[in-house]
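This is work.tsv (TSV, C-alpha atoms).
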```tsv
chain	number	residue	atom	x	y	z
A	149	MET	CA	62.18	-234.06	-20.07
A	150	LYS	CA	63.45	-233.11	-23.54
A	151	GLN	CA	64.85	-236.62	-23.95
A	152	ILE	CA	61.46	-238.11	-23.01
A	153	ASN	CA	59.69	-235.87	-25.54
A	154	LYS	CA	62.26	-236.72	-28.19
A	155	THR	CA	61.73	-240.44	-27.57
A	156	LYS	CA	57.96	-240.05	-27.74
A	157	HIS	CA	58.24	-237.98	-30.92
A	158	GLN	CA	60.29	-240.71	-32.56
A	159	GLU	CA	57.80	-243.33	-31.43
A	160	ILE	CA	54.99	-241.36	-33.06
A	161	ILE	CA	56.96	-241.00	-36.30
A	162	ASN	CA	57.82	-244.71	-36.37
A	163	LYS	CA	54.22	-245.74	-35.77
A	164	PHE	CA	52.89	-243.39	-38.44
A	165	LYS	CA	55.45	-244.59	-41.00
A	166	SER	CA	54.45	-248.16	-40.13
A	167	GLY	CA	50.93	-247.45	-41.32
A	168	ASN	CA	49.14	-246.56	-38.08
A	169	ASN	CA	46.63	-243.73	-38.40
A	170	LEU	CA	46.45	-240.74	-36.05
A	171	PRO	CA	43.46	-241.93	-33.96
A	172	SER	CA	45.06	-245.32	-33.24
A	173	ILE	CA	48.40	-243.71	-32.32
A	174	GLY	CA	46.64	-241.23	-30.03
A	175	GLU	CA	44.70	-243.97	-28.29
A	176	GLU	CA	47.79	-246.13	-27.79
A	177	LEU	CA	50.03	-243.30	-26.52
A	178	ASN	CA	47.24	-241.38	-24.78
A	179	VAL	CA	47.87	-238.13	-26.68
A	180	SER	CA	45.61	-235.96	-28.83
A	181	ARG	CA	45.37	-236.28	-32.59
A	182	GLN	CA	46.20	-232.58	-32.93
A	183	TRP	CA	49.42	-232.99	-30.95
A	184	ILE	CA	50.45	-235.98	-33.07
A	185	SER	CA	49.84	-233.96	-36.24
A	186	GLN	CA	51.93	-231.12	-34.83
A	187	VAL	CA	54.82	-233.48	-33.97
A	188	LEU	CA	54.77	-234.97	-37.45
A	189	LYS	CA	54.78	-231.55	-39.13
A	190	GLN	CA	57.67	-230.41	-36.92
A	191	ASN	CA	59.62	-233.36	-38.30
A	192	GLY	CA	58.83	-232.58	-41.92
A	193	ILE	CA	55.94	-235.03	-42.28
A	194	ASN	CA	52.60	-233.85	-43.66
A	195	PRO	CA	50.03	-236.47	-42.56
A	196	ARG	CA	47.35	-235.31	-44.98
A	197	GLU	CA	49.67	-235.45	-47.96
A	198	ILE	CA	50.97	-238.89	-47.00
A	199	ASN	CA	47.44	-240.19	-46.40
A	200	ARG	CA	46.41	-238.80	-49.78
A	201	ASN	CA	49.37	-240.47	-51.46
A	202	ASN	CA	48.65	-243.75	-49.68
A	203	LEU	CA	45.02	-243.59	-50.79
A	204	ASN	CA	46.06	-242.89	-54.38
A	205	GLN	CA	48.44	-245.85	-54.31
A	206	LYS	CA	45.69	-248.06	-52.89
A	207	LEU	CA	43.25	-246.92	-55.57
A	208	ASP	CA	45.82	-247.50	-58.32
A	209	ILE	CA	46.19	-251.10	-57.16
A	210	LEU	CA	42.42	-251.47	-56.74
A	211	SER	CA	41.84	-250.16	-60.26
A	212	ILE	CA	43.95	-252.97	-61.71
A	213	LYS	CA	42.20	-255.61	-59.60
A	214	ILE	CA	38.71	-254.27	-60.32
A	215	ASN	CA	39.32	-254.13	-64.08
A	216	ARG	CA	40.43	-257.75	-63.88
A	217	ASP	CA	37.31	-258.65	-61.89
A	218	LEU	CA	35.10	-256.91	-64.45
A	219	LYS	CA	36.69	-258.95	-67.24
A	220	ASP	CA	35.99	-262.07	-65.16
A	221	LYS	CA	32.29	-261.07	-65.14
A	222	LEU	CA	32.06	-260.32	-61.42
A	223	SER	CA	29.04	-258.17	-60.63
A	224	ILE	CA	29.61	-254.66	-59.34
A	225	LYS	CA	27.89	-255.64	-56.11
A	226	GLN	CA	30.39	-258.47	-55.64
A	227	ILE	CA	33.27	-256.08	-56.31
A	228	VAL	CA	31.98	-253.43	-53.89
A	229	ASN	CA	31.56	-256.07	-51.17
A	230	LYS	CA	34.86	-257.76	-51.98
A	231	TYR	CA	36.92	-254.61	-51.43
A	232	ARG	CA	34.51	-252.98	-48.94
A	233	LEU	CA	34.44	-249.81	-51.01
A	234	THR	CA	33.09	-246.65	-49.42
A	235	PRO	CA	31.01	-244.10	-51.41
A	236	TYR	CA	34.05	-241.79	-51.31
A	237	GLN	CA	36.27	-244.47	-52.82
A	238	VAL	CA	33.63	-245.16	-55.48
A	239	ASP	CA	33.72	-241.46	-56.44
A	240	LEU	CA	37.52	-241.49	-56.68
A	241	LEU	CA	37.48	-244.65	-58.80
A	242	LYS	CA	35.09	-242.91	-61.18
A	243	GLU	CA	37.91	-240.43	-61.88
A	244	ARG	CA	39.93	-243.47	-62.99
A	245	ASN	CA	37.20	-244.41	-65.50
A	246	ILE	CA	35.73	-247.12	-63.26
A	247	ASP	CA	32.10	-246.21	-62.77
A	248	LEU	CA	30.49	-248.19	-59.96
A	249	THR	CA	27.89	-245.54	-59.18
A	250	ILE	CA	24.90	-247.15	-60.87
A	251	LYS	CA	25.41	-250.50	-59.24
A	252	THR	CA	26.12	-248.86	-55.90
A	253	ASN	CA	22.72	-247.21	-56.22
A	254	ASN	CA	21.28	-250.65	-56.99
A	255	ILE	CA	22.73	-251.95	-53.72
A	256	GLN	CA	21.05	-249.12	-51.83
A	257	ARG	CA	17.82	-249.79	-53.73
A	258	ASN	CA	17.95	-253.50	-52.87
A	259	GLN	CA	18.54	-252.73	-49.21
A	260	LEU	CA	15.48	-250.45	-49.26
A	261	ILE	CA	13.41	-253.20	-50.89
A	262	ASN	CA	14.47	-255.65	-48.20
A	263	LYS	CA	13.69	-253.13	-45.45
A	264	LEU	CA	10.21	-252.47	-46.85
A	265	TYR	CA	9.53	-256.20	-47.23
A	266	MET	CA	10.59	-256.92	-43.64
A	267	LYS	CA	8.30	-254.11	-42.45
A	268	GLY	CA	5.36	-255.94	-43.99
A	269	TYR	CA	4.95	-254.32	-47.41
A	270	THR	CA	3.74	-256.67	-50.15
A	271	ALA	CA	5.69	-257.06	-53.39
A	272	LYS	CA	3.00	-255.06	-55.23
A	273	GLU	CA	3.26	-252.22	-52.72
A	274	ILE	CA	7.04	-252.18	-53.04
A	275	ILE	CA	6.85	-252.04	-56.85
A	276	LYS	CA	4.74	-248.88	-56.56
A	277	GLN	CA	7.55	-247.24	-54.58
A	278	ILE	CA	10.54	-248.72	-56.44
A	279	LYS	CA	9.92	-247.91	-60.09
A	280	THR	CA	12.98	-249.78	-61.41
A	281	ILE	CA	11.57	-253.20	-60.39
A	282	THR	CA	8.44	-254.21	-62.27
A	283	THR	CA	7.76	-257.82	-61.24
A	284	GLU	CA	6.93	-259.48	-57.94
A	285	ASP	CA	9.49	-262.21	-58.67
A	286	GLY	CA	12.11	-259.48	-59.00
A	287	ILE	CA	11.27	-258.28	-55.49
A	288	TYR	CA	11.33	-261.80	-54.06
A	289	ASN	CA	14.68	-262.60	-55.69
A	290	ILE	CA	16.29	-259.47	-54.23
A	291	VAL	CA	14.96	-260.24	-50.74
A	292	LYS	CA	16.19	-263.83	-51.02
A	293	GLU	CA	19.63	-262.67	-52.10
A	294	LEU	CA	19.92	-260.43	-49.03
A	295	ASN	CA	18.72	-263.18	-46.67
A	296	GLY	CA	20.96	-266.10	-47.56
A	297	GLY	CA	18.73	-267.46	-50.34
A	298	ILE	CA	15.68	-267.72	-48.08
A	299	LEU	CA	12.51	-265.66	-48.43
A	300	PRO	CA	11.60	-264.57	-44.87
A	301	LYS	CA	7.97	-264.35	-43.82
A	302	ARG	CA	6.69	-260.79	-43.83
A	303	VAL	CA	5.45	-259.16	-40.63
A	304	ASN	CA	1.82	-259.44	-41.77
A	305	THR	CA	2.30	-263.13	-42.52
A	306	LEU	CA	3.81	-263.70	-39.08
A	307	HIS	CA	0.85	-261.92	-37.51
A	308	LYS	CA	-1.56	-264.19	-39.37
A	309	ILE	CA	0.31	-267.30	-38.20
A	310	LYS	CA	0.27	-266.13	-34.59
A	311	THR	CA	-3.43	-265.17	-34.73
A	312	LYS	CA	-4.41	-268.54	-36.20
A	313	LEU	CA	-2.34	-270.40	-33.62
A	314	VAL	CA	-3.80	-268.49	-30.68
A	315	ARG	CA	-7.31	-269.04	-32.01
A	316	GLU	CA	-6.71	-272.80	-32.38
A	317	ILE	CA	-5.26	-273.11	-28.86
A	318	LYS	CA	-8.22	-271.18	-27.44
A	319	GLN	CA	-10.62	-273.72	-28.98
A	320	LEU	CA	-8.63	-276.80	-27.96
A	321	ARG	CA	-8.04	-275.83	-24.34
A	322	LYS	CA	-11.78	-276.25	-23.67
A	323	LYS	CA	-11.22	-280.02	-23.89
A	324	TYR	CA	-7.51	-280.69	-23.60
A	325	ASP	CA	-4.55	-279.85	-21.37
A	326	LEU	CA	-1.44	-278.20	-22.83
A	327	PRO	CA	0.45	-281.47	-23.63
A	328	GLY	CA	-2.70	-282.73	-25.37
A	329	ILE	CA	-3.01	-279.49	-27.35
A	330	HIS	CA	0.66	-279.76	-28.28
A	331	ASN	CA	0.19	-283.26	-29.73
A	332	ILE	CA	-2.93	-282.28	-31.67
A	333	LEU	CA	-1.27	-279.23	-33.21
A	334	LEU	CA	1.75	-281.31	-34.23
A	335	GLU	CA	-0.55	-283.82	-35.93
A	336	LYS	CA	-2.26	-280.96	-37.78
A	337	GLY	CA	1.12	-279.75	-39.03
A	338	TYR	CA	1.26	-276.46	-37.16
A	339	THR	CA	4.68	-274.80	-36.91
A	340	ASN	CA	6.09	-271.78	-35.13
A	341	THR	CA	6.68	-268.50	-36.96
A	342	HIS	CA	10.08	-269.78	-38.15
A	343	GLY	CA	8.54	-272.84	-39.80
A	344	LYS	CA	9.86	-275.25	-37.15
A	345	PRO	CA	7.80	-277.79	-35.15
A	346	LEU	CA	5.98	-276.38	-32.14
A	347	ASN	CA	7.29	-277.17	-28.68
A	348	LEU	CA	5.41	-277.14	-25.40
A	349	ASN	CA	6.99	-273.85	-24.31
A	350	THR	CA	5.59	-272.15	-27.41
A	351	ILE	CA	2.14	-273.59	-26.73
A	352	THR	CA	2.31	-272.35	-23.13
A	353	TYR	CA	3.37	-268.89	-24.33
A	354	TYR	CA	0.47	-268.54	-26.78
A	355	ASN	CA	-1.96	-270.07	-24.28
A	356	ASN	CA	-1.22	-267.12	-21.99
A	357	LYS	CA	-2.14	-264.81	-24.89
A	358	CYS	CA	-5.65	-266.29	-25.13
```

Show how you would write the structure in this file as structure tokens.
Amino acid sequence: MKQINKTKHQEIINKFKSGNNLPSIGEELNVSRQWISQVLKQNGINPREINRNNLNQKLDILSIKINRDLKDKLSIKQIVNKYRLTPYQVDLLKERNIDLTIKTNNIQRNQLINKLYMKGYTAKEIIKQIKTITTEDGIYNIVKELNGGILPKRVNTLHKIKTKLVREIKQLRKKYDLPGIHNILLEKGYTNTHGKPLNLNTITYYNNKC
């Protein structure tokens, strides 16, 4: 039994020294994180201290790369995304005279703008809430940036498209069958809510809404 424990202890030590964290070791070996920590300490290894040292080494390397990126005119947003920096890492980098806080706040602000826009708020309504953006174009550009360069239709706009489509179908079905309605709507240039040509299934769906 002692030999088995000794073998398992060594396996834990080897895995930890290889860069595996405590949760992943525990899951693989089916043991608790607390027990792993105890085994490591019994063998003269302080996991917290090693993790702290590893993080410091990582941040030292990141600091060099980030300073290089800043000289190459990369935006802070690009840098944060490039290295997948957490708020905690951003705080630690600030101690190394790399202040990403302002731009990190801008990322959070932009995400809020996009969220409000997708909920149906107009650009003017968003400007009233987000004081740091003063133009409607500024709002639209941020939303485009977060949606692959495309400005999505707002919820209210989608509702208007659907309402208009249902109303048109309701009028046409007095004289035409669904395939006939489909052809007429295509000729009039109607699209679905994604801006794509209508298909018969969509017409049938909205016909049931009438």

For Leu346 (chain A), work out the shell of residues within 10 Å, counting only C-alpha atoms and skipping chain neighbours fewer than 4 positions away, then give it as a list in words.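 In the requested format, the answer is His330, Asn331, Leu333, Leu334, Gly337, Tyr338, Thr339, Asn340, Thr341, His342, Thr350 and Ile351 of chain A.
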
To one decimal place, how far is CA of Asn347 (chain A) from CA of Leu294 (chain A) in Å?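 Spanning CA of Asn347 (chain A) to CA of Leu294 (chain A) is a straight-line distance of 29.2 Å.
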
Measure the distance from CA of Asp217 (chain A) to CA of Lys292 (chain A) in Å and round it to one decimal.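 CA of Lys292 (chain A) lies at a distance of 24.3 Å from CA of Asp217 (chain A).
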
Just checking: using only C-alpha atoms, which residue out of A:Lys301, A:Gly296, A:Asn355, A:Glu335 ends up closest to Glu316 (chain A)?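 Result for the nearest residue to Glu316 (chain A): A:Asn355.
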
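Checking A:Gln256, A:Thr352, A:Thr283, A:Asn229 one by one against Leu326 (chain A), counting only C-alpha atoms, you find the shortest gap at A:Thr352.
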
Pick out the closest residue to Arg244 (chain A) from this set: A:Asn202, A:Asn215, A:Ser180, A:Asn262. Count only C-alpha atoms.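 Checking each of A:Asn202, A:Asn215, A:Ser180, A:Asn262 against Arg244 (chain A), counting only C-alpha atoms, the winner is A:Asn215.
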
Which is closer to Gln226 (chain A) than all the others in A:Ile255, A:Lys206, A:Tyr354, A:Asn289, using only C-alpha atoms?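 Of the candidates, the smallest distance to Gln226 (chain A) is held by A:Ile255.
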
Fewer than 2 positions away in the same chain doesn't count, so skip those; otherwise give me all residues within 12 Å of region 154-159 of chain A, counting all atoms listed in the file, as a PDB file with C-alpha atoms, in the coordinates of the input.
```
ATOM      1  CA  MET A 149      62.180-234.060 -20.070  1.00  0.00           C
ATOM      2  CA  LYS A 150      63.450-233.110 -23.540  1.00  0.00           C
ATOM      3  CA  GLN A 151      64.850-236.620 -23.950  1.00  0.00           C
ATOM      4  CA  ILE A 152      61.460-238.110 -23.010  1.00  0.00           C
ATOM      5  CA  ILE A 161      56.960-241.000 -36.300  1.00  0.00           C
ATOM      6  CA  ASN A 162      57.820-244.710 -36.370  1.00  0.00           C
ATOM      7  CA  LYS A 163      54.220-245.740 -35.770  1.00  0.00           C
ATOM      8  CA  PHE A 164      52.890-243.390 -38.440  1.00  0.00           C
ATOM      9  CA  LYS A 165      55.450-244.590 -41.000  1.00  0.00           C
ATOM     10  CA  SER A 166      54.450-248.160 -40.130  1.00  0.00           C
ATOM     11  CA  ASN A 168      49.140-246.560 -38.080  1.00  0.00           C
ATOM     12  CA  ILE A 173      48.400-243.710 -32.320  1.00  0.00           C
ATOM     13  CA  GLY A 174      46.640-241.230 -30.030  1.00  0.00           C
ATOM     14  CA  GLU A 176      47.790-246.130 -27.790  1.00  0.00           C
ATOM     15  CA  LEU A 177      50.030-243.300 -26.520  1.00  0.00           C
ATOM     16  CA  ASN A 178      47.240-241.380 -24.780  1.00  0.00           C
ATOM     17  CA  VAL A 179      47.870-238.130 -26.680  1.00  0.00           C
ATOM     18  CA  TRP A 183      49.420-232.990 -30.950  1.00  0.00           C
ATOM     19  CA  ILE A 184      50.450-235.980 -33.070  1.00  0.00           C
ATOM     20  CA  SER A 185      49.840-233.960 -36.240  1.00  0.00           C
ATOM     21  CA  GLN A 186      51.930-231.120 -34.830  1.00  0.00           C
ATOM     22  CA  VAL A 187      54.820-233.480 -33.970  1.00  0.00           C
ATOM     23  CA  LEU A 188      54.770-234.970 -37.450  1.00  0.00           C
ATOM     24  CA  LYS A 189      54.780-231.550 -39.130  1.00  0.00           C
ATOM     25  CA  GLN A 190      57.670-230.410 -36.920  1.00  0.00           C
ATOM     26  CA  ASN A 191      59.620-233.360 -38.300  1.00  0.00           C
ATOM     27  CA  ILE A 193      55.940-235.030 -42.280  1.00  0.00           C
TER      28      ILE A 193
END
```

Restricting to only C-alpha atoms, whichever of A:Ile290, A:Arg321, A:Ile275, A:Met266 is closest to Asn304 (chain A) is A:Met266

Neighbours of point (7.8, -250.5, -57.9) within 12 Å, using only C-alpha atoms, written as a list in words: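 Output: Arg257, Asn258, Leu260, Ile261, Leu264, Tyr269, Thr270, Ala271, Lys272, Glu273, Ile274, Ile275, Lys276, Gln277, Ile278, Lys279, Thr280, Ile281, Thr282, Thr283, Glu284, Asp285, Gly286 and Ile287 of chain A.
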
Would you save the residues from that selection as an mmCIF file, in the frame of the given file, using C-alpha atoms?
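Here's the written file part17.cif:
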```cif
data_model
loop_
_atom_site.group_PDB
_atom_site.id
_atom_site.type_symbol
_atom_site.label_atom_id
_atom_site.label_comp_id
_atom_site.auth_asym_id
_atom_site.auth_seq_id
_atom_site.Cartn_x
_atom_site.Cartn_y
_atom_site.Cartn_z
ATOM 1 C CA ARG A 257 17.820 -249.790 -53.730
ATOM 2 C CA ASN A 258 17.950 -253.500 -52.870
ATOM 3 C CA LEU A 260 15.480 -250.450 -49.260
ATOM 4 C CA ILE A 261 13.410 -253.200 -50.890
ATOM 5 C CA LEU A 264 10.210 -252.470 -46.850
ATOM 6 C CA TYR A 269 4.950 -254.320 -47.410
ATOM 7 C CA THR A 270 3.740 -256.670 -50.150
ATOM 8 C CA ALA A 271 5.690 -257.060 -53.390
ATOM 9 C CA LYS A 272 3.000 -255.060 -55.230
ATOM 10 C CA GLU A 273 3.260 -252.220 -52.720
ATOM 11 C CA ILE A 274 7.040 -252.180 -53.040
ATOM 12 C CA ILE A 275 6.850 -252.040 -56.850
ATOM 13 C CA LYS A 276 4.740 -248.880 -56.560
ATOM 14 C CA GLN A 277 7.550 -247.240 -54.580
ATOM 15 C CA ILE A 278 10.540 -248.720 -56.440
ATOM 16 C CA LYS A 279 9.920 -247.910 -60.090
ATOM 17 C CA THR A 280 12.980 -249.780 -61.410
ATOM 18 C CA ILE A 281 11.570 -253.200 -60.390
ATOM 19 C CA THR A 282 8.440 -254.210 -62.270
ATOM 20 C CA THR A 283 7.760 -257.820 -61.240
ATOM 21 C CA GLU A 284 6.930 -259.480 -57.940
ATOM 22 C CA ASP A 285 9.490 -262.210 -58.670
ATOM 23 C CA GLY A 286 12.110 -259.480 -59.000
ATOM 24 C CA ILE A 287 11.270 -258.280 -55.490
#
```

So the first atom is CA of Ser211 (chain A) and the second is CA of Leu170 (chain A); what is the distance between them in Å, to one decimal place? 26.4 Å

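The residue that comes closest to Gln259 (chain A), out of A:Leu299, A:Val291, A:Leu233, A:Ile198 and on the basis of all atoms listed in the file, is A:Val291.
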
Protein and nucleic acid residues near (30.7, -257.1, -57.8) (cut-off 12 Å, only C-alpha atoms) as a ChimeraX atom specification: /A:213-233,248-252,254-255
